[in-house]
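Visitor: I'd like to ask some things about the structure below.
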Amino acid sequence: MSSGASRSRAAEPLVFRRRFCFWLILSGTGLYFFANIQRVAIPGAIFDLLQEDLHLAAPGVTALGSVFMYVYALNQLLIGLFVSRCGGRRVILPGALLFCLGSLLLPLSSGIWLYVSRALTGFGASSLYLALIDETIRACRKNYAIVVSLVITAGYAGGIVANAPFVAVVRAAGWQRTLLGVAGLTILCYLLFAAVSSLRKLPPVRRDVPFRFFPFFQVLAVGNNRMVFLFSGLNFGLYYVIQTVIGKKFLEDFCRFSSPDAAWILSLTGLISAVAGTLLALLSRLAGNRRAVFCRIAGAVSVSVFGLITLLLLCDLHSGWIALLFCLLASTGSMSSIAIPLLHETNPRELAGPAVCFMNFSFYLAVAFFGNLSGWLLNTFPPETVGNTLVYPRNSYLAVFAVLALASVAVLLGALNVRERAGRRI
């Protein structure tokens, strides 16, 4: 920052600076909250309604989630570079505008425009997390760690709201009106963010920060990084495809849960995942900052959960215990609080940031892939029509979970090959 800019900031009243930071972070957090609702709720929370009203086969419904995730994943490789060079606000202002546009278009669209609107929503949503963290750190230099944790917690709250509360509103108002309401609130958050942002000049572009992709190749050249990406990407992808795409539908079709009960279970898994992230970080610290052992526990949980569900499907046992297995999976589904410190500890300082960006890319690429695959596998056997709802048979879900169980073996193998520190195997 230039000396002139420093003097200008110092001349601002302290009350103004505090109010500016408060409203900027609050409105940005609101955008991030609604981004998590969009990411989690569609298609999983309203799978049947989308299928009935839009006359889509299972691959068409799951593609509404996958197109969002593919765009979101690819943009993770770019957003970190833009944030480092241009600052958070310069990224959020255009990105969140596209997010608002996509959110508004979805409930008004049909045909190919459904997928265009989801791509816009995913592109815009992908701009928010890293940019908002950057602005939070810039605004709250003394207490940034606490404020960042609050921002992230608010984002997780959006994922929790995206199931049971969202489904309850949809049952009362319909999915299109509900999504229009969500879009309207998102636009209000954006207008507030833009208005507050206009009160202070944007920080200068850091032209000394190179815009290069070469660090990603350096990151991938390290074998331990590849194991971390394999483990964490597949582990998150398997959990999140349950959370956002097929979990609720499976509980309704095979386990015979009602729609509200299935939605509450998925909200509970979202809550467990949020709490578990903090708990895992604490346990890792109490264990002397060991990381690899927790990766291996997560791998074992993944194999156990998907193996047991596949076995129950083979035996045609419509057990409510599957809901508890989903909750167990959620406890180790997101390992960011373990994997991010691990990447920082095992990479040079200049490669730690690109490594985390690539890990985020692997997360959402895996979700997109498994979402697409689940849709195609569900469609391998003809569904039964019950009222206006398509109910998929046991064999369809057996095909899905057998493939997910095989992928969980790769999660465990990746975890077993993760190194705690460079040069030392745990």
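Residue names in the structure tokens use chain letters A, B, ... in the order shown, residue numbers from 1 in each chain, and ligand numbers from 1 in the order shown.
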Would you mind listing what lies within 8 Å of stretch 277-282 of chain A as a PyMOL selection string, with only C-alpha atoms counted and same-chain residues fewer than 4 positions away left out?
Guide: chain A and resi 273+286+294+331-332+334-338
Visitor: Please provide as number ranges by chain all residues within 10 Å of A:Ala96, with the sequence filter that same-chain residues fewer than 3 positions apart are discarded (counting only C-alpha atoms).
Guide: A: 28, 31-32, 35, 91-93, 99-102, 121, 123-128, 186-187, 189-190, 193-194
Visitor: With distances taken over only C-alpha atoms, which of A:Leu251, A:Pro204, A:Thr29, A:Arg89 is nearest to A:Val147?
Guide: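 Nearest candidate to A:Val147 out of A:Leu251, A:Pro204, A:Thr29, A:Arg89: A:Thr29.
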Visitor: Stretch 352-367 of chain A: which residues within 7 Å, counting only C-alpha atoms, same-chain residues fewer than 5 positions away excluded, as a PyMOL selection string?
Guide: chain A and resi 69-70+72-74+76-77+80+215-216+219+229+233-234+236-238+240-241+340+343-344+347
Visitor: Those residues you just picked out, can you put them in a file as a compact mmCIF listing (two decimals), in the first residue's frame with C-alpha atoms?
Guide:
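Final file, selection.txt:
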# COMPACT_ATOMS: atom_id res chain seq x y z
CA MET A 69 -19.73 -28.32 -9.73
CA TYR A 70 -17.67 -28.61 -12.94
CA TYR A 72 -17.05 -24.28 -9.67
CA ALA A 73 -14.11 -26.72 -9.71
CA LEU A 74 -12.37 -25.28 -12.77
CA GLN A 76 -10.85 -22.73 -8.21
CA LEU A 77 -7.62 -22.76 -10.25
CA GLY A 80 -6.84 -17.72 -6.10
CA PRO A 215 3.11 -23.60 -9.69
CA PHE A 216 0.25 -26.07 -10.22
CA VAL A 219 2.60 -29.04 -6.95
CA PHE A 229 -5.41 -34.85 -3.62
CA GLY A 233 -10.79 -35.19 -3.37
CA LEU A 234 -12.44 -38.60 -3.56
CA PHE A 236 -15.11 -35.21 -0.16
CA GLY A 237 -16.67 -36.15 -3.50
CA LEU A 238 -18.23 -39.32 -2.11
CA TYR A 240 -20.88 -34.49 -0.99
CA VAL A 241 -22.63 -36.47 -3.74
CA ILE A 340 -4.83 -27.77 4.48
CA LEU A 343 -0.20 -29.28 2.57
CA HIS A 344 1.32 -26.23 4.27
CA ASN A 347 5.26 -27.91 0.69
Visitor: Name the residues in contact with A:Ala157 at a cut-off of 10 Å, using only C-alpha atoms, excluding same-chain residues fewer than 6 positions from it; report them as a list of chain:residue names.
Guide: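 That gives A:Phe33, A:Phe34, A:Asn36, A:Ile37, A:Val151, A:Ser267, A:Gly270, A:Leu271, A:Ala274.
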Visitor: Could you tell me which of A:Ser304, A:Asn289, A:Asn163, A:Ser103 comes closest to A:Trp264 if we count only C-alpha atoms?
Guide: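 Closest to A:Trp264, using only C-alpha atoms: A:Asn163.
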Visitor: Taking the chain letters and numbering used in this document, name the residues of stretch 148-393 of chain A that DSSP puts in strand (DSSP E or B), as a PyMOL selection string.
Guide: chain A and resi 384-386+389-391
Visitor: Skip A:Leu104 itself and residues of its chain fewer than 4 positions away, then list as a PyMOL selection string all residues within 8 Å of it, counting only C-alpha atoms.
Guide: chain A and resi 100+108+179-180+183-184
Visitor: Given the choices A:Ala402, A:Leu328, A:Cys295, A:Ala339, which gets closest to A:Leu312 if the distance is worked out from only C-alpha atoms?
Guide: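 Closest to A:Leu312, using only C-alpha atoms: A:Ala402.
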Visitor: Please, what distance in Å, to one decimal, runs between atom CA of A:Leu342 and atom CA of A:Arg212?
Guide: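 The value is 23.5 Å.
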Visitor: Write out as number ranges by chain which residues come within 8 Å of A:Leu192 when counting only C-alpha atoms, dropping same-chain ones fewer than 3 positions away.
Guide: A: 23-24, 27, 188-189, 195-196
Visitor: Atom CA of A:Ala221 and atom CA of A:Ile297 are how many Å apart?
Guide: 26.1 Å
Visitor: Could you give me, as a ChimeraX atom specification, the residues within 10 Å of A:Leu324, counting only C-alpha atoms and dropping anything in the same chain fewer than 4 positions from it?
Guide: /A:265,269,305,320,328-330
Visitor: Write the selection just made, keeping C-alpha atoms, as a compact mmCIF listing (two decimals), in the first residue's frame?
Guide:
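File produced: part_3.txt:
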# COMPACT_ATOMS: atom_id res chain seq x y z
CA ILE A 265 -31.29 -36.31 8.15
CA THR A 269 -25.26 -34.53 8.26
CA VAL A 305 -19.95 -46.90 5.17
CA GLY A 320 -33.15 -47.06 8.85
CA LEU A 328 -20.88 -41.33 10.30
CA LEU A 329 -19.73 -40.49 6.77
CA ALA A 330 -20.39 -36.80 7.43
Visitor: Could you please write out, as an MDAnalysis selection string, every residue of stretch 41-220 of chain A that DSSP assigns to helix (DSSP H, G or I)?
Guide: chainID A and resid 41 44:54 58:86 88:108 112:125 128:139 144:161 164:173 175:197 214:220
Visitor: Put those residues in a file: C-alpha atoms, as a CSV table (one decimal), in the first residue's frame.
Guide:
chain,number,residue,atom,x,y,z
A,41,ALA,CA,-30.2,-27.7,-2.3
A,44,GLY,CA,-30.7,-33.2,-3.9
A,45,ALA,CA,-33.3,-31.5,-1.7
A,46,ILE,CA,-35.9,-31.3,-4.5
A,47,PHE,CA,-34.9,-34.2,-6.8
A,48,ASP,CA,-38.5,-35.5,-7.2
A,49,LEU,CA,-40.1,-32.1,-7.8
A,50,LEU,CA,-37.5,-31.2,-10.4
A,51,GLN,CA,-38.0,-34.5,-12.1
A,52,GLU,CA,-41.8,-34.2,-12.1
A,53,ASP,CA,-42.1,-30.6,-13.1
A,54,LEU,CA,-39.3,-30.5,-15.7
A,58,ALA,CA,-32.2,-39.1,-13.6
A,59,PRO,CA,-29.1,-38.0,-15.6
A,60,GLY,CA,-30.9,-34.7,-16.4
A,61,VAL,CA,-31.6,-34.0,-12.8
A,62,THR,CA,-28.1,-34.9,-11.5
A,63,ALA,CA,-26.6,-32.8,-14.3
A,64,LEU,CA,-28.1,-29.7,-12.6
A,65,GLY,CA,-25.7,-30.3,-9.8
A,66,SER,CA,-22.8,-31.5,-11.9
A,67,VAL,CA,-22.7,-28.5,-14.3
A,68,PHE,CA,-22.6,-26.2,-11.2
A,69,MET,CA,-19.7,-28.3,-9.7
A,70,TYR,CA,-17.7,-28.6,-12.9
A,71,VAL,CA,-17.6,-24.8,-13.4
A,72,TYR,CA,-17.0,-24.3,-9.7
A,73,ALA,CA,-14.1,-26.7,-9.7
A,74,LEU,CA,-12.4,-25.3,-12.8
A,75,ASN,CA,-12.7,-21.8,-11.4
A,76,GLN,CA,-10.8,-22.7,-8.2
A,77,LEU,CA,-7.6,-22.8,-10.2
A,78,LEU,CA,-8.2,-19.2,-11.4
A,79,ILE,CA,-9.8,-17.4,-8.4
A,80,GLY,CA,-6.8,-17.7,-6.1
A,81,LEU,CA,-4.6,-16.1,-8.7
A,82,PHE,CA,-7.1,-13.2,-9.3
A,83,VAL,CA,-7.5,-12.6,-5.6
A,84,SER,CA,-3.8,-12.5,-4.9
A,85,ARG,CA,-3.3,-10.0,-7.8
A,86,CYS,CA,-6.5,-7.9,-7.7
A,88,GLY,CA,-11.1,-9.7,-2.9
A,89,ARG,CA,-13.6,-6.9,-3.8
A,90,ARG,CA,-12.5,-6.8,-7.4
A,91,VAL,CA,-13.3,-10.5,-7.7
A,92,ILE,CA,-16.5,-10.5,-5.7
A,93,LEU,CA,-18.2,-7.5,-7.5
A,94,PRO,CA,-18.4,-9.1,-11.0
A,95,GLY,CA,-18.5,-12.7,-9.7
A,96,ALA,CA,-21.4,-12.2,-7.3
A,97,LEU,CA,-23.3,-10.3,-10.1
A,98,LEU,CA,-23.1,-13.5,-12.2
A,99,PHE,CA,-24.1,-15.5,-9.2
A,100,CYS,CA,-27.2,-13.3,-8.7
A,101,LEU,CA,-28.1,-13.6,-12.4
A,102,GLY,CA,-27.8,-17.4,-12.4
A,103,SER,CA,-29.9,-17.7,-9.2
A,104,LEU,CA,-32.6,-15.6,-10.7
A,105,LEU,CA,-32.7,-17.3,-14.1
A,106,LEU,CA,-32.9,-20.9,-12.8
A,107,PRO,CA,-36.5,-20.9,-11.6
A,108,LEU,CA,-37.6,-19.0,-14.7
A,112,ILE,CA,-30.9,-26.0,-22.0
A,113,TRP,CA,-31.3,-22.7,-20.2
A,114,LEU,CA,-31.6,-24.6,-16.9
A,115,TYR,CA,-28.0,-25.7,-17.3
A,116,VAL,CA,-26.8,-22.4,-18.6
A,117,SER,CA,-28.3,-20.7,-15.4
A,118,ARG,CA,-26.6,-23.4,-13.2
A,119,ALA,CA,-23.3,-22.8,-14.9
A,120,LEU,CA,-23.6,-19.0,-14.3
A,121,THR,CA,-24.5,-19.7,-10.7
A,122,GLY,CA,-21.5,-22.0,-10.2
A,123,PHE,CA,-19.2,-19.6,-11.9
A,124,GLY,CA,-20.3,-16.7,-9.7
A,125,ALA,CA,-20.4,-18.8,-6.5
A,128,LEU,CA,-16.8,-15.8,-3.2
A,129,TYR,CA,-15.0,-18.0,-0.7
A,130,LEU,CA,-11.3,-17.1,-1.3
A,131,ALA,CA,-12.2,-13.4,-2.1
A,132,LEU,CA,-14.3,-13.0,1.0
A,133,ILE,CA,-11.5,-14.5,3.2
A,134,ASP,CA,-9.1,-12.1,1.6
A,135,GLU,CA,-11.3,-9.1,2.4
A,136,THR,CA,-11.9,-10.3,5.9
A,137,ILE,CA,-8.2,-10.6,6.6
A,138,ARG,CA,-7.6,-7.2,5.1
A,139,ALA,CA,-10.4,-5.6,7.2
A,144,TYR,CA,-9.1,-11.9,11.6
A,145,ALA,CA,-8.9,-15.6,12.7
A,146,ILE,CA,-12.1,-15.3,14.8
A,147,VAL,CA,-14.0,-13.4,12.1
A,148,VAL,CA,-12.9,-15.8,9.4
A,149,SER,CA,-14.2,-18.7,11.5
A,150,LEU,CA,-17.5,-16.9,11.8
A,151,VAL,CA,-17.7,-16.4,8.1
A,152,ILE,CA,-17.0,-20.0,7.4
A,153,THR,CA,-19.5,-21.1,10.0
A,154,ALA,CA,-22.2,-19.0,8.3
A,155,GLY,CA,-21.4,-20.7,5.0
A,156,TYR,CA,-21.9,-24.1,6.6
A,157,ALA,CA,-25.2,-22.8,8.0
A,158,GLY,CA,-26.3,-22.2,4.4
A,159,GLY,CA,-25.7,-25.9,3.6
A,160,ILE,CA,-27.7,-26.9,6.7
A,161,VAL,CA,-30.7,-24.6,5.7
A,164,ALA,CA,-35.0,-29.5,5.9
A,165,PRO,CA,-35.8,-25.7,6.2
A,166,PHE,CA,-35.6,-25.3,2.4
A,167,VAL,CA,-37.8,-28.3,1.8
A,168,ALA,CA,-40.4,-27.0,4.3
A,169,VAL,CA,-40.6,-23.7,2.5
A,170,VAL,CA,-40.8,-25.5,-0.9
A,171,ARG,CA,-43.7,-27.6,0.4
A,172,ALA,CA,-45.5,-24.4,1.3
A,173,ALA,CA,-44.7,-22.2,-1.6
A,175,TRP,CA,-39.8,-24.8,-5.6
A,176,GLN,CA,-39.9,-22.0,-8.2
A,177,ARG,CA,-41.2,-19.3,-5.8
A,178,THR,CA,-38.8,-20.5,-3.1
A,179,LEU,CA,-35.8,-20.2,-5.5
A,180,LEU,CA,-37.1,-16.7,-6.6
A,181,GLY,CA,-37.2,-15.7,-3.0
A,182,VAL,CA,-33.6,-17.0,-2.4
A,183,ALA,CA,-32.5,-15.1,-5.6
A,184,GLY,CA,-34.2,-11.9,-4.3
A,185,LEU,CA,-32.4,-12.1,-0.9
A,186,THR,CA,-29.2,-12.8,-2.8
A,187,ILE,CA,-29.6,-9.7,-4.9
A,188,LEU,CA,-30.3,-7.6,-1.8
A,189,CYS,CA,-27.0,-8.8,-0.3
A,190,TYR,CA,-25.2,-8.0,-3.5
A,191,LEU,CA,-26.6,-4.5,-3.7
A,192,LEU,CA,-25.6,-3.9,0.0
A,193,PHE,CA,-22.1,-5.2,-0.8
A,194,ALA,CA,-21.7,-3.0,-3.9
A,195,ALA,CA,-23.1,0.1,-2.0
A,196,VAL,CA,-20.7,-0.4,0.9
A,197,SER,CA,-17.8,-1.2,-1.4
A,214,PHE,CA,3.4,-23.2,-13.5
A,215,PRO,CA,3.1,-23.6,-9.7
A,216,PHE,CA,0.2,-26.1,-10.2
A,217,PHE,CA,2.6,-28.3,-12.3
A,218,GLN,CA,5.2,-28.0,-9.5
A,219,VAL,CA,2.6,-29.0,-7.0
A,220,LEU,CA,1.5,-32.1,-9.0
Visitor: When distances are computed from only C-alpha atoms, which of A:Leu317, A:Ala298, A:Ala287, A:Val245 shows the smallest separation from A:Leu413?
Guide: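 Of A:Leu317, A:Ala298, A:Ala287, A:Val245, the one nearest A:Leu413, counting only C-alpha atoms, is A:Ala298.
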Visitor: What is the atom CA of A:Arg419-atom CA of A:Ala276 distance in Å, reported with one decimal?
Guide: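 The value is 22.3 Å.
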